[in-house]
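S.K.: Provided below: target.cif, containing mmCIF, C-alpha atoms.
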```cif
data_structure
loop_
_atom_site.label_atom_id
_atom_site.label_comp_id
_atom_site.auth_asym_id
_atom_site.auth_seq_id
_atom_site.Cartn_x
_atom_site.Cartn_y
_atom_site.Cartn_z
CA MET A 1290 133.39 -246.35 52.48
CA THR A 1291 134.35 -242.91 51.29
CA GLN A 1292 131.01 -241.28 52.06
CA ASN A 1293 131.35 -242.34 55.68
CA LYS A 1294 134.64 -240.56 56.17
CA THR A 1295 134.63 -237.54 58.45
CA TYR A 1296 137.16 -234.75 58.71
CA ILE A 1297 138.36 -232.37 61.38
CA GLN A 1298 137.52 -228.94 59.97
CA SER A 1299 138.95 -226.64 62.65
CA TYR A 1300 139.71 -226.53 66.34
CA CYS A 1301 140.17 -224.03 69.15
CA THR A 1302 141.90 -224.36 72.52
CA ILE A 1303 141.51 -221.93 75.40
CA GLN A 1304 143.70 -222.27 78.48
CA ASN A 1305 146.24 -220.35 80.53
CA ASN A 1306 145.07 -216.93 79.34
CA GLU A 1307 145.57 -217.87 75.70
CA ILE A 1308 143.35 -218.76 72.74
CA VAL A 1309 144.76 -220.95 69.99
CA LEU A 1310 142.77 -221.33 66.78
CA ASN A 1311 143.83 -224.05 64.35
CA GLY A 1312 147.26 -224.21 65.92
CA THR A 1313 147.90 -220.47 65.89
CA SER A 1314 147.86 -218.32 69.01
CA ILE A 1315 145.35 -215.54 68.29
CA PHE A 1316 144.97 -214.02 71.75
CA LYS A 1317 147.21 -214.11 74.79
CA ILE A 1318 147.47 -211.86 77.83
CA GLU A 1319 149.38 -211.81 81.09
CA PRO A 1320 147.98 -214.12 83.81
CA THR A 1321 144.74 -212.75 85.21
CA ALA A 1322 141.41 -213.97 86.56
CA PHE A 1323 139.18 -215.72 84.04
CA ALA A 1324 136.53 -212.99 84.37
CA ASP A 1325 139.08 -210.44 83.19
CA PHE A 1326 140.57 -212.74 80.54
CA SER A 1327 137.17 -213.54 79.07
CA LYS A 1328 136.16 -209.88 79.04
CA GLN A 1329 139.36 -208.88 77.26
CA ALA A 1330 138.89 -211.70 74.73
CA TYR A 1331 135.30 -210.55 74.10
CA ARG A 1332 136.53 -207.01 73.44
CA ASN A 1333 139.45 -208.21 71.32
CA PHE A 1334 137.23 -210.14 68.92
CA ASP A 1335 134.61 -207.36 68.76
CA ILE A 1336 131.84 -209.70 69.85
CA ASN A 1337 128.60 -207.77 70.13
CA TYR A 1338 126.47 -209.91 72.44
CA PRO A 1339 125.75 -208.24 75.82
CA LYS A 1340 124.25 -211.43 77.23
CA PHE A 1341 127.83 -212.75 77.37
CA PHE A 1342 128.37 -210.76 80.57
CA LYS A 1343 125.46 -212.47 82.29
CA MET A 1344 126.87 -215.96 81.69
CA ASP A 1345 128.77 -218.00 84.24
CA SER A 1346 132.42 -218.90 83.61
CA LEU A 1347 131.68 -222.29 82.06
CA SER A 1348 129.28 -220.80 79.54
CA LYS A 1349 131.68 -217.96 78.74
CA LEU A 1350 134.42 -220.49 78.09
CA ALA A 1351 132.25 -222.60 75.79
CA PHE A 1352 130.78 -219.52 74.12
CA LEU A 1353 134.18 -218.02 73.24
CA GLY A 1354 135.41 -221.23 71.62
CA ALA A 1355 132.18 -221.71 69.69
CA GLU A 1356 132.21 -218.07 68.62
CA LEU A 1357 135.55 -218.53 66.93
CA LEU A 1358 134.58 -221.78 65.21
CA LEU A 1359 131.02 -220.99 64.17
CA LYS A 1360 130.62 -217.83 62.13
CA SER A 1361 127.94 -215.47 63.35
CA LYS A 1362 125.21 -214.26 61.02
CA THR A 1363 126.82 -210.82 60.94
CA GLU A 1364 130.10 -212.23 59.71
CA LEU A 1365 128.30 -214.36 57.15
CA ASN A 1366 126.17 -211.37 56.15
CA LEU A 1367 123.01 -213.47 56.33
CA SER A 1368 119.48 -212.62 57.29
CA ASP A 1369 117.88 -214.50 60.19
CA THR A 1370 115.95 -216.65 57.72
CA GLU A 1371 119.02 -217.53 55.68
CA LEU A 1372 121.03 -218.31 58.78
CA THR A 1373 118.26 -220.48 60.16
CA LYS A 1374 118.08 -222.47 56.92
CA GLN A 1375 121.82 -222.90 56.90
CA THR A 1376 122.54 -223.86 60.46
CA GLU A 1377 119.53 -224.75 62.55
CA ASN A 1378 119.55 -228.45 61.89
CA ASN A 1379 123.01 -229.15 60.63
CA THR A 1380 125.38 -228.39 63.47
CA ALA A 1381 125.17 -230.69 66.48
CA ILE A 1382 126.93 -229.89 69.76
CA LEU A 1383 128.62 -232.54 71.85
CA LEU A 1384 130.52 -231.39 74.92
CA ALA A 1385 131.91 -232.91 78.09
CA ASN A 1386 133.85 -232.00 81.20
CA LYS A 1387 134.87 -233.27 84.61
CA SER A 1388 133.46 -230.71 87.05
CA SER A 1389 130.02 -230.27 85.54
CA SER A 1390 128.70 -226.88 86.73
CA LEU A 1391 130.33 -227.26 90.16
CA ASP A 1392 132.04 -223.85 90.02
CA THR A 1393 128.65 -222.13 89.80
CA ASP A 1394 126.97 -224.67 92.08
CA VAL A 1395 129.40 -223.73 94.86
CA LYS A 1396 128.81 -220.01 94.32
CA TYR A 1397 125.06 -220.56 94.46
CA GLN A 1398 125.31 -222.73 97.56
CA GLU A 1399 127.34 -220.01 99.29
CA SER A 1400 124.65 -217.47 98.45
CA ILE A 1401 121.99 -219.50 100.27
CA SER A 1402 124.02 -220.86 103.17
CA ASP A 1403 123.13 -218.03 105.59
CA LYS A 1404 119.50 -218.38 106.64
CA GLU A 1405 119.54 -214.85 108.06
CA ASN A 1406 120.66 -213.46 104.72
CA TYR A 1407 118.82 -215.75 102.34
CA TYR A 1408 118.58 -214.19 98.91
CA PRO A 1409 119.03 -216.85 96.21
CA SER A 1410 120.07 -215.26 92.95
CA PRO A 1411 117.93 -216.38 89.98
CA ALA A 1412 120.69 -215.27 87.60
CA VAL A 1413 123.22 -217.57 89.27
CA PHE A 1414 120.75 -220.42 89.72
CA VAL A 1415 120.02 -220.73 86.00
CA TYR A 1416 123.66 -221.72 85.40
CA THR A 1417 123.68 -224.58 87.91
CA LEU A 1418 123.57 -227.14 85.11
CA PRO A 1419 126.47 -227.84 82.73
CA ASN A 1420 124.32 -228.16 79.63
CA ILE A 1421 123.22 -224.52 79.88
CA CYS A 1422 126.34 -223.66 77.88
CA LEU A 1423 124.90 -225.73 75.01
CA GLY A 1424 121.82 -223.54 75.13
CA GLU A 1425 123.88 -220.36 75.10
CA ILE A 1426 125.74 -221.51 71.97
CA SER A 1427 122.51 -222.68 70.34
CA ILE A 1428 120.76 -219.35 70.99
CA ARG A 1429 123.70 -217.35 69.68
CA HIS A 1430 124.01 -219.40 66.47
CA GLN A 1431 120.33 -220.28 66.14
CA LEU A 1432 120.97 -224.01 66.29
CA LYS A 1433 118.01 -226.33 66.77
CA SER A 1434 120.06 -229.45 66.46
CA GLU A 1435 121.13 -232.46 68.50
CA ASN A 1436 123.11 -231.55 71.59
CA SER A 1437 124.48 -233.42 74.57
CA PHE A 1438 126.72 -232.74 77.54
CA PHE A 1439 128.56 -235.58 79.29
CA ILE A 1440 130.56 -235.78 82.50
CA PHE A 1441 133.81 -237.80 82.38
CA ASP A 1442 136.86 -238.06 84.62
CA ALA A 1443 139.00 -236.97 81.69
CA PHE A 1444 138.68 -236.08 78.02
CA ASN A 1445 137.42 -239.17 76.24
CA PRO A 1446 138.39 -238.90 72.56
CA GLU A 1447 137.14 -242.39 71.63
CA PHE A 1448 133.66 -241.61 72.91
CA MET A 1449 133.62 -238.17 71.29
CA THR A 1450 134.78 -239.49 67.93
CA SER A 1451 132.34 -242.38 67.98
CA TYR A 1452 129.38 -240.22 69.00
CA ALA A 1453 130.22 -237.48 66.49
CA ASN A 1454 130.61 -240.00 63.67
CA THR A 1455 127.28 -241.60 64.55
CA LEU A 1456 125.56 -238.19 64.36
CA LEU A 1457 127.19 -237.53 60.98
CA HIS A 1458 126.62 -240.99 59.49
CA THR A 1459 122.98 -241.10 60.52
CA ASN A 1460 122.41 -237.66 59.00
CA LYS A 1461 121.48 -236.17 62.35
CA ALA A 1462 123.95 -233.43 61.55
CA GLU A 1463 126.25 -232.24 58.79
CA ARG A 1464 128.86 -231.10 61.25
CA VAL A 1465 129.48 -231.58 64.95
CA LEU A 1466 130.98 -229.09 67.38
CA CYS A 1467 132.51 -231.35 69.98
CA GLY A 1468 135.04 -231.19 72.76
CA TRP A 1469 135.94 -230.54 76.36
CA VAL A 1470 134.93 -227.49 78.39
CA GLU A 1471 136.21 -227.66 81.96
CA PHE A 1472 136.08 -224.90 84.56
CA PHE A 1473 136.50 -225.09 88.31
CA ASN A 1474 138.14 -222.68 90.76
CA GLU A 1475 139.84 -220.64 88.03
CA GLU A 1476 141.39 -223.77 86.50
CA TYR A 1477 140.09 -224.10 82.97
CA LYS A 1478 140.58 -225.68 79.59
CA SER A 1479 138.39 -225.61 76.55
CA PHE A 1480 139.11 -227.70 73.47
CA LEU A 1481 136.46 -227.44 70.77
CA CYS A 1482 136.66 -229.13 67.44
CA LEU A 1483 134.44 -228.92 64.38
CA ILE A 1484 134.00 -232.24 62.58
CA GLY A 1485 132.16 -232.70 59.31
CA LYS A 1486 131.87 -234.77 56.15
CA GLU A 1487 133.30 -232.04 53.95
CA GLU A 1488 136.72 -233.15 52.76
CA ASN A 1489 139.55 -231.37 54.56
CA GLN A 1490 143.05 -232.81 54.40
CA LYS A 1491 144.59 -230.19 56.70
CA TYR A 1492 144.33 -232.39 59.76
CA GLN A 1493 144.45 -235.80 58.07
CA ASN A 1494 147.35 -236.91 60.27
CA GLU A 1495 145.67 -235.70 63.45
CA THR A 1496 142.94 -237.00 65.72
CA ILE A 1497 140.96 -235.04 68.26
CA GLU A 1498 143.19 -236.67 70.87
CA THR A 1499 146.43 -235.40 69.32
CA LEU A 1500 144.95 -231.93 68.83
CA TYR A 1501 143.66 -231.88 72.42
CA ASN A 1502 147.13 -232.70 73.71
CA LYS A 1503 148.96 -230.05 71.67
CA MET C 650 114.19 -189.30 95.17
CA ASP C 651 116.97 -188.34 92.78
CA ALA C 652 119.53 -190.06 95.01
CA LEU C 653 117.36 -193.21 95.02
CA LYS C 654 117.09 -193.16 91.22
CA LEU C 655 120.86 -192.92 90.91
CA GLU C 656 121.25 -195.73 93.43
CA LEU C 657 118.83 -197.91 91.45
CA LYS C 658 120.66 -197.26 88.19
CA ASN C 659 123.96 -198.26 89.79
CA LYS C 660 122.42 -201.39 91.29
CA ILE C 661 120.83 -202.42 88.00
CA ILE C 662 124.06 -202.01 86.07
CA THR C 663 126.06 -203.95 88.67
CA VAL C 664 123.63 -206.70 89.67
CA LEU C 665 122.36 -207.37 86.14
CA ASN C 666 125.87 -207.26 84.64
CA LEU C 667 125.02 -204.59 82.07
CA GLU C 668 128.65 -204.25 81.07
CA ASP C 669 128.15 -201.92 78.12
CA ILE C 670 125.58 -199.64 79.80
CA THR C 671 126.55 -196.45 81.66
CA LEU C 672 124.50 -194.32 84.05
CA GLY C 673 123.97 -191.81 81.25
CA ASP C 674 122.36 -194.49 79.08
CA ILE C 675 119.47 -194.95 81.51
CA ASN C 676 116.88 -192.18 81.54
CA ASP C 677 114.40 -192.08 84.40
CA ASN C 678 111.41 -192.84 82.18
CA ASP C 679 113.01 -195.29 79.76
CA PRO C 680 111.31 -198.70 79.68
CA LEU C 681 113.45 -201.25 81.51
CA PHE C 682 112.12 -204.14 79.41
CA GLY C 683 111.48 -204.51 75.69
CA ASP C 684 112.86 -201.72 73.58
CA GLY C 685 114.40 -199.88 76.51
CA LEU C 686 117.22 -201.53 78.44
CA GLY C 687 116.21 -204.89 77.01
CA LEU C 688 116.06 -206.71 80.33
CA ASP C 689 114.77 -210.29 80.32
CA SER C 690 112.69 -212.50 82.62
CA ILE C 691 115.65 -213.53 84.77
CA ASP C 692 116.50 -209.85 85.22
CA ALA C 693 112.93 -209.30 86.43
CA LEU C 694 113.48 -211.93 89.12
CA GLU C 695 116.73 -210.23 90.14
CA LEU C 696 114.86 -206.93 90.48
CA ILE C 697 112.40 -208.63 92.84
CA VAL C 698 115.39 -209.83 94.90
CA ILE C 699 116.77 -206.25 95.01
CA LEU C 700 113.45 -204.96 96.34
CA ASP C 701 113.45 -207.59 99.07
CA LYS C 702 117.14 -207.53 100.00
CA ASP C 703 117.85 -203.81 99.88
CA TYR C 704 114.49 -202.20 100.61
CA GLY C 705 112.59 -204.82 102.61
CA ILE C 706 109.76 -205.06 100.09
CA LYS C 707 108.33 -208.50 99.34
CA LEU C 708 106.29 -208.66 96.15
CA ILE C 709 103.41 -211.03 96.82
CA ASP C 710 101.72 -210.65 93.45
CA PRO C 711 104.19 -211.03 90.51
CA LYS C 712 101.74 -209.07 88.32
CA GLU C 713 102.64 -205.99 90.33
CA GLY C 714 106.13 -206.17 88.86
CA LYS C 715 104.86 -205.20 85.43
CA VAL C 716 103.85 -201.78 86.76
CA ILE C 717 106.63 -201.31 89.30
CA PHE C 718 109.43 -202.21 86.90
CA GLN C 719 108.26 -200.06 84.00
CA SER C 720 111.06 -197.56 84.55
CA ILE C 721 113.50 -196.19 87.10
CA GLU C 722 110.88 -193.52 87.87
CA SER C 723 108.18 -196.08 88.71
CA MET C 724 110.59 -198.24 90.72
CA ALA C 725 111.77 -195.27 92.78
CA ALA C 726 108.20 -194.14 93.45
CA TYR C 727 107.14 -197.62 94.60
CA ILE C 728 110.19 -198.05 96.83
CA THR C 729 109.71 -194.62 98.40
CA ALA C 730 106.11 -195.47 99.25
CA ASN C 731 106.69 -199.01 100.51
CA ARG C 732 110.24 -199.47 101.79
CA THR C 733 110.78 -200.94 105.26
CA LYS C 734 114.54 -200.41 105.29
#
```
Output the file's structure in the form of structure tokens.

M.R.:
Amino acid sequence: MTQNKTYIQSYCTIQNNEIVLNGTSIFKIEPTAFADFSKQAYRNFDINYPKFFKMDSLSKLAFLGAELLLKSKTELNLSDTELTKQTENNTAILLANKSSSLDTDVKYQESISDKENYYPSPAVFVYTLPNICLGEISIRHQLKSENSFFIFDAFNPEFMTSYANTLLHTNKAERVLCGWVEFFNEEYKSFLCLIGKEENQKYQNETIETLYNK
Amino acid sequence: MDALKLELKNKIITVLNLEDITLGDINDNDPLFGDGLGLDSIDALELIVILDKDYGIKLIDPKEGKVIFQSIESMAAYITANRTK
């Protein structure tokens, strides 16, 4: 049935010190640590959101991809009320990865391993869950929609497609930001994809699996 | 006291990851929360850790924090009066 068809609207891949938006490289720098890469990307795209610097690496990775796919209220020139009406219930988030929040979990564990020097950091602790990155994206874009974070051994396009289509077909959302956000020990890859019912033939010969593997 | 205030400003910028804030942006009597530096509740917890870790001060009553963390001036005064290291 035509009304049940869904379309890939846009996608963004971040890996190896490079950001690719809809197939075009939009930011690339020489190999460096992710902290430096993410900071340079933040500056490059003129993102004005100081809380970014308080996030852990997984949240920064997810945030950057979402930032490029979901327009901020400033870019849309909307008031808070208008933005809320437009987005709060219509964009679901569906993410997954392999390492959960292990990168931050390890850092936190190290910070509490010495009983003589036991000063757990609240700011690190709050990121010891993978789904915190969903919250960061939701706060930034004022989303009050469905969101879920799953842990898989590898990117699972069948699951993602099925889950996203269910959200769209049951009118839980008008579009779904879905994908893979993996970070552990400086190894990272983010692939985020915006899927919706709005007709878009640009990626009609693609699936989220083929786009993920590009 | 002035050296302690400078030390606190440096610590706050570093520990709280205030990337876009410089020493010159923090005046001694500026509010640290709300309209001032805009710190949040997690930052408040980090400030409590700083007091404990760097100055040997354990806050027993969290309500005290509201007064102590009003500004760099109030923090420095409290630390000067109560520090054990």

S.K.: For chain A, which residues have at least one atom within 10 Å of chain C, if we go by all atoms listed in the file? Write them as a list in words, please.

M.R.: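 My answer is Lys1328, Asn1337, Tyr1338, Pro1339, Lys1340, Phe1341, Phe1342, Lys1343, Met1344, Asn1406, Tyr1407, Tyr1408, Pro1409, Ser1410, Pro1411, Ala1412, Val1413, Phe1414 and Val1415 of chain A.
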
S.K.: Need to verify the contact set: Gln1490 of chain A, 10 Å, only C-alpha atoms, exclusion of same-chain residues closer than 4 positions in sequence. Can you return it as a count of residues only?

M.R.: 5

S.K.: Quick one: 5 Å padding each side, axis-aligned, all listed atoms of segment 1477-1495 of chain A - centre and edge lengths in Å to one decimal, as lines of an AutoDock Vina configuration file?

M.R.:
```
center_x = 139.6
center_y = -230.5
center_z = 67.9
size_x = 25.5
size_y = 22.8
size_z = 40.2
```

S.K.: Please write the residues picked by the PyMOL selection byres ((chain C and resi 719) around 12) on this file as a ChimeraX atom specification.

M.R.: /C:676-688,693,696,712-718,720-727

S.K.: Write the residues of the preceding selection, restricted to C-alpha atoms, as an mmCIF file, keeping the file's coordinate frame.

M.R.:
```
data_model
loop_
_atom_site.group_PDB
_atom_site.id
_atom_site.type_symbol
_atom_site.label_atom_id
_atom_site.label_comp_id
_atom_site.auth_asym_id
_atom_site.auth_seq_id
_atom_site.Cartn_x
_atom_site.Cartn_y
_atom_site.Cartn_z
ATOM 1 C CA ASN C 676 116.880 -192.180 81.540
ATOM 2 C CA ASP C 677 114.400 -192.080 84.400
ATOM 3 C CA ASN C 678 111.410 -192.840 82.180
ATOM 4 C CA ASP C 679 113.010 -195.290 79.760
ATOM 5 C CA PRO C 680 111.310 -198.700 79.680
ATOM 6 C CA LEU C 681 113.450 -201.250 81.510
ATOM 7 C CA PHE C 682 112.120 -204.140 79.410
ATOM 8 C CA GLY C 683 111.480 -204.510 75.690
ATOM 9 C CA ASP C 684 112.860 -201.720 73.580
ATOM 10 C CA GLY C 685 114.400 -199.880 76.510
ATOM 11 C CA LEU C 686 117.220 -201.530 78.440
ATOM 12 C CA GLY C 687 116.210 -204.890 77.010
ATOM 13 C CA LEU C 688 116.060 -206.710 80.330
ATOM 14 C CA ALA C 693 112.930 -209.300 86.430
ATOM 15 C CA LEU C 696 114.860 -206.930 90.480
ATOM 16 C CA LYS C 712 101.740 -209.070 88.320
ATOM 17 C CA GLU C 713 102.640 -205.990 90.330
ATOM 18 C CA GLY C 714 106.130 -206.170 88.860
ATOM 19 C CA LYS C 715 104.860 -205.200 85.430
ATOM 20 C CA VAL C 716 103.850 -201.780 86.760
ATOM 21 C CA ILE C 717 106.630 -201.310 89.300
ATOM 22 C CA PHE C 718 109.430 -202.210 86.900
ATOM 23 C CA SER C 720 111.060 -197.560 84.550
ATOM 24 C CA ILE C 721 113.500 -196.190 87.100
ATOM 25 C CA GLU C 722 110.880 -193.520 87.870
ATOM 26 C CA SER C 723 108.180 -196.080 88.710
ATOM 27 C CA MET C 724 110.590 -198.240 90.720
ATOM 28 C CA ALA C 725 111.770 -195.270 92.780
ATOM 29 C CA ALA C 726 108.200 -194.140 93.450
ATOM 30 C CA TYR C 727 107.140 -197.620 94.600
#
```

S.K.: What lies within 10 Å of Tyr1501 of chain A using all atoms listed in the file, ignoring chain neighbours under 6 positions off, as a list in words?

M.R.: Tyr1300, Cys1301, Thr1302, Phe1444, Pro1446, Gly1468, Trp1469, Lys1478, Ser1479, Phe1480, Leu1481, Cys1482 and Glu1495 of chain A
